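What follows is the content of protein_28.txt (compact mmCIF, C-alpha atoms).
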# COMPACT_ATOMS: atom_id res chain seq x y z
CA ASN A 264 -64.09 -36.08 247.18
CA ILE A 265 -66.27 -38.83 245.68
CA GLU A 266 -69.42 -36.71 245.37
CA VAL A 267 -68.27 -34.50 242.50
CA GLY A 268 -66.30 -34.75 239.28
CA GLU A 269 -65.53 -38.05 237.60
CA CYS A 270 -66.01 -39.95 240.88
CA ALA A 271 -69.70 -39.02 240.94
CA LEU A 272 -70.07 -40.55 237.46
CA GLY A 273 -68.25 -43.76 238.38
CA PHE A 274 -65.36 -45.74 236.92
CA ASP A 275 -65.28 -48.90 234.80
CA ARG A 276 -62.00 -50.11 236.35
CA ILE A 277 -60.28 -49.26 239.64
CA TYR A 278 -56.86 -50.51 240.82
CA ILE A 279 -55.73 -49.73 244.34
CA GLY A 280 -51.94 -49.66 244.50
CA ALA A 281 -51.60 -49.62 248.31
CA SER A 282 -53.06 -51.72 251.10
CA ILE A 283 -56.33 -50.52 252.63
CA GLU A 284 -58.36 -51.68 255.60
CA VAL A 285 -61.73 -53.31 255.18
CA HIS A 286 -63.59 -50.27 256.59
CA GLN A 287 -62.13 -48.14 253.74
CA LEU A 288 -63.44 -50.48 251.04
CA PRO A 289 -67.03 -49.09 250.80
CA MET A 290 -65.67 -45.71 249.69
CA PHE A 291 -63.96 -47.32 246.69
CA LYS A 292 -66.93 -49.58 245.93
CA LYS A 293 -69.20 -46.55 245.83
CA ILE A 294 -67.37 -45.03 242.84
CA LEU A 295 -67.62 -48.21 240.75
CA LYS A 296 -70.06 -48.11 237.85
CA PRO A 297 -72.48 -51.04 237.41
CA GLY A 298 -70.42 -53.72 235.74
CA GLY A 299 -67.19 -52.09 236.92
CA ILE A 300 -64.30 -54.07 238.40
CA LEU A 301 -62.08 -53.14 241.36
CA VAL A 302 -58.81 -54.90 242.22
CA GLY A 303 -56.68 -54.07 245.22
CA PRO A 304 -55.10 -55.28 248.48
CA VAL A 305 -57.49 -55.32 251.46
CA ASP A 306 -56.18 -56.46 254.85
CA GLY A 307 -53.47 -58.64 253.32
CA ASP A 308 -55.57 -60.17 250.52
CA LEU A 309 -55.71 -59.20 246.87
CA VAL A 310 -59.44 -58.74 246.29
CA LYS A 311 -61.45 -58.52 243.08
CA ILE A 312 -64.88 -56.86 243.31
CA VAL A 313 -67.48 -56.60 240.54
CA ARG A 314 -70.41 -54.23 240.90
CA LEU A 315 -73.55 -55.98 239.66
CA PRO A 316 -76.52 -54.22 238.01
CA ILE A 317 -78.97 -52.55 240.39
CA HIS A 318 -81.86 -54.79 241.42
CA ALA A 319 -85.40 -53.44 241.83
CA CYS A 320 -87.12 -54.65 245.01
CA TYR A 321 -90.83 -55.39 245.39
CA ASP A 322 -91.34 -52.35 247.61
CA GLY A 323 -90.12 -50.02 244.86
CA THR A 324 -86.63 -49.50 246.32
CA THR A 325 -83.37 -50.56 244.68
CA GLU A 326 -80.61 -52.78 245.99
CA GLN A 327 -76.96 -52.70 245.00
CA GLU A 328 -74.99 -55.95 245.02
CA TYR A 329 -71.32 -56.76 244.62
CA ALA A 330 -69.48 -59.97 243.76
CA GLN A 331 -66.25 -60.34 245.73
CA GLU A 332 -63.38 -62.78 245.18
CA ILE A 333 -60.06 -63.20 247.00
CA LEU A 334 -57.30 -63.76 244.44
CA SER A 335 -54.26 -64.35 246.67
CA PRO A 336 -52.51 -63.17 249.83
CA VAL A 337 -50.26 -60.16 249.23
CA ARG A 338 -48.15 -57.61 251.07
CA PHE A 339 -48.45 -53.93 250.12
CA ALA A 340 -47.42 -50.72 251.82
CA PRO A 341 -50.41 -49.08 253.53
CA LEU A 342 -52.37 -46.34 251.82
CA VAL A 343 -51.34 -42.92 253.11
CA THR A 344 -54.42 -41.01 254.29
CA TYR A 345 -52.79 -38.17 256.25
CA PRO A 346 -52.52 -35.30 255.85
CA GLN A 347 -55.98 -35.18 254.29
CA ILE A 348 -55.96 -33.24 251.02
CA GLU A 349 -59.15 -32.24 249.25
CA THR A 350 -58.82 -33.90 245.84
CA VAL A 351 -61.31 -33.79 242.99
CA ILE A 352 -60.88 -35.73 239.74
CA PRO A 353 -62.46 -33.39 237.18
CA ALA A 354 -65.04 -34.91 234.87
CA ARG A 355 -63.95 -35.15 231.27
CA ILE A 356 -65.62 -32.47 229.15
CA TRP A 357 -66.38 -33.42 225.56
CA THR A 358 -64.58 -31.47 222.88
CA PRO A 359 -63.96 -32.32 219.22
CA SER A 360 -60.31 -33.10 220.07
CA LEU A 361 -61.40 -35.67 222.71
CA HIS A 362 -64.11 -37.20 220.53
CA GLN A 363 -61.94 -40.23 219.64
CA TYR A 364 -61.66 -41.27 223.31
CA TYR A 365 -65.42 -41.65 223.78
CA PRO A 366 -67.35 -44.93 223.26
CA ASP A 367 -68.41 -45.94 219.75
CA SER A 368 -72.08 -45.34 220.59
CA PHE A 369 -71.29 -41.76 221.63
CA GLN A 370 -69.18 -41.09 218.53
CA SER A 371 -71.78 -42.46 216.11
CA SER A 372 -74.61 -40.56 217.82
CA CYS A 373 -72.70 -37.28 217.67
CA THR A 374 -71.87 -37.84 214.01
CA THR A 375 -75.50 -38.57 213.20
CA LEU A 376 -76.79 -35.49 215.02
CA LEU A 377 -74.23 -33.18 213.41
CA LEU A 378 -74.99 -34.55 209.94
CA CYS A 379 -78.72 -34.14 210.56
CA SER A 380 -78.20 -30.56 211.74
CA HIS A 381 -77.05 -29.66 208.21
CA SER A 382 -80.09 -31.25 206.62
CA ASN A 383 -83.56 -29.80 206.07
CA TYR A 384 -86.21 -29.88 208.77
CA LEU A 385 -88.80 -31.43 206.44
CA GLN A 386 -87.57 -34.74 205.14
CA PRO A 387 -88.72 -36.62 202.02
CA PRO A 388 -91.68 -38.80 202.89
CA LYS A 389 -91.11 -42.49 203.35
CA PRO A 390 -93.47 -45.17 202.08
CA THR A 391 -95.55 -44.65 205.21
CA PRO A 392 -98.15 -41.85 205.05
CA LYS A 393 -96.75 -40.10 208.14
CA GLU A 394 -94.68 -36.95 207.67
CA THR A 395 -91.02 -37.28 208.63
CA VAL A 396 -89.16 -34.40 210.25
CA ASN A 397 -85.52 -33.86 211.23
CA ALA A 398 -85.50 -32.60 214.82
CA ALA A 399 -81.72 -32.17 214.82
CA ALA A 400 -82.07 -29.41 212.22
CA LEU A 401 -83.84 -27.21 214.78
CA LEU A 402 -80.46 -26.40 216.37
CA PRO A 403 -77.30 -25.15 214.65
CA ARG A 404 -74.12 -27.21 214.69
CA ALA A 405 -72.38 -24.85 217.12
CA LEU A 406 -75.16 -25.36 219.66
CA TRP A 407 -74.95 -29.14 219.30
CA LEU A 408 -71.22 -28.93 220.03
CA GLU A 409 -71.99 -26.96 223.18
CA ILE A 410 -74.62 -29.53 224.25
CA PHE A 411 -72.18 -32.41 223.78
CA SER A 412 -69.73 -30.71 226.16
CA TYR A 413 -72.29 -31.18 228.98
CA THR A 414 -72.86 -34.87 228.32
CA HIS A 415 -71.19 -37.93 229.79
CA ARG A 416 -69.38 -40.59 227.77
CA ASP A 417 -72.20 -43.07 228.49
CA TRP A 418 -74.98 -40.68 227.49
CA PHE A 419 -75.93 -42.69 224.39
CA GLU A 420 -75.43 -46.13 225.96
CA ALA A 421 -78.59 -48.20 226.23
CA PRO A 422 -79.30 -49.46 229.78
CA GLN A 423 -77.90 -52.94 230.22
CA SER A 424 -80.27 -55.53 231.64
CA GLU A 425 -79.17 -58.05 234.24
CA LEU A 426 -79.36 -60.85 231.66
CA GLU A 427 -77.12 -58.95 229.22
CA PHE A 428 -74.67 -58.20 232.01
CA LEU A 429 -74.50 -61.87 233.03
CA ARG A 430 -74.01 -62.94 229.42
CA ARG A 431 -71.14 -60.51 229.02
CA ARG A 432 -69.58 -61.69 232.27
CA LEU A 433 -69.94 -65.31 231.11
CA ARG A 434 -68.14 -64.51 227.84
CA GLU A 435 -65.35 -62.78 229.75
CA GLU A 436 -64.95 -65.74 232.12
CA GLN A 437 -64.91 -68.17 229.19
CA GLU A 438 -62.20 -66.10 227.48
CA ASN A 439 -60.20 -66.02 230.72
CA ALA A 440 -60.55 -69.79 231.08
CA GLU A 441 -59.36 -70.32 227.49
CA ARG A 442 -56.33 -68.08 228.07
CA ALA A 443 -55.52 -69.93 231.28
CA LEU A 444 -55.79 -73.28 229.48
CA ARG A 445 -53.48 -72.13 226.70
CA ALA A 446 -50.97 -70.84 229.26
CA SER A 447 -51.13 -74.18 231.10
CA LEU A 448 -50.51 -76.15 227.90
CA GLU A 449 -47.59 -73.91 226.96
CA ALA A 450 -46.12 -74.32 230.45
CA THR A 451 -46.47 -78.12 230.18
CA VAL A 452 -44.65 -78.12 226.83
CA ARG A 453 -41.83 -75.98 228.24
CA CYS A 454 -41.58 -78.23 231.30
CA ARG A 455 -41.27 -81.36 229.16
CA GLN A 456 -38.66 -79.69 227.00
CA ALA A 457 -36.68 -78.73 230.10
CA GLU A 458 -36.91 -82.32 231.38
CA ARG A 459 -35.56 -83.66 228.07
CA GLU A 460 -32.67 -81.20 228.17
CA ARG A 461 -31.96 -82.22 231.77
CA ASP A 462 -31.89 -85.92 230.85
CA MET A 463 -29.61 -85.19 227.91
CA TYR A 464 -27.16 -83.28 230.13
CA LYS A 465 -27.21 -86.09 232.66
CA LEU A 466 -26.38 -88.61 229.95
CA LEU A 467 -23.55 -86.44 228.63
CA ALA A 468 -22.17 -86.02 232.16
CA MET A 469 -22.23 -89.80 232.75
CA ARG A 470 -20.40 -90.44 229.47
CA TRP A 471 -17.85 -87.77 230.27
CA ARG A 472 -17.16 -89.30 233.69
CA GLY A 473 -16.93 -92.78 232.17

Rendering of file as structure tokens:
Amino acid sequence: NIEVGECALGFDRIYIGASIEVHQLPMFKKILKPGGILVGPVDGDLVKIVRLPIHACYDGTTEQEYAQEILSPVRFAPLVTYPQIETVIPARIWTPSLHQYYPDSFQSSCTTLLLCSHSNYLQPPKPTPKETVNAAALLPRALWLEIFSYTHRDWFEAPQSELEFLRRRLREEQENAERALRASLEATVRCRQAERERDMYKLLAMRWRG
């Protein structure tokens, strides 16, 4: 069921470990978060799909776009869809023991709110003439802990603009290109070393025969 639980919130990464048909792909694309990446075999091809940020249209509606790339032909066993079993991936509920698994922005925001909840409501005035108050002190720490349990891991994440998303994708592609170049250079060095060893063995074999 993709309408409830963690599926309704979306995933950053999805890997499909069995072959699916192209008409099944929209179901998996729907549970990708903006900026999320899906990799899996679709009709004999290993496909990589990136969900792009939502675009606002002139008529006030929104449009969702995906970038799709075929990596290579593959052969996988088909995904088993029968018998149909109602499956729900439960959404992760925040607790102090799971705090370390949440994003840095979430962790720092929780820490700030909990520290502020122990402070006074009226804060020392700053150089500006306006009075400064501590809104977090209006609620006790136990209530803040209960509130956090209803939040999602991306609750404190600032919305990412299309330009920021493209910049991040560019950095990732540049890093991938650098890794591929290093791997190519290392492979070339190993190949040359193997060729030298081959030539040396050939020379030793010729001397032995002579």

Discussion item. Measuring between only C-alpha atoms, which one of A:Asp306, A:Glu409, A:Glu328, A:Glu427 shows the shortest distance to Leu342 in chain A?
Written reply: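 Under the stated criterion, the closest residue is A:Asp306.
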
Counting all atoms listed in the file, which residues of range 279-366 of chain A fall within 12 Å of range 374-379 of chain A, and what is the closest atom pair for each with its distance in Å at one decimal, ordered by chain and rising number, as a Markdown table?
| residue | atom | partner | partner_atom | distance |
| --- | --- | --- | --- | --- |
| A:Pro359 | CA | A:Thr374 | CA | 11.0 |
| A:His362 | CA | A:Thr374 | CA | 10.2 |
| A:Gln363 | CA | A:Thr374 | CA | 11.7 |

Worksheet item: Skipping near chain neighbours, those fewer than 5 positions away, what residues fall within 7 Å of Arg416 in chain A using only C-alpha atoms, listed as a ChimeraX atom specification?
Response: /A:365-366,369

Practice prompt. Just give me the gap between CA of Ala399 in chain A and CA of Tyr413 in chain A in Å, one decimal is fine.
Written response: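 It comes out at 17.0 Å.
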
Worksheet item: Restricting the calculation to all atoms listed in the file, which member of A:Val305, A:Arg445, A:Gln456, A:Ile300 is positioned closest to Gln287 in chain A?
Response: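 Of all the options, A:Val305 lies closest to Gln287 in chain A.
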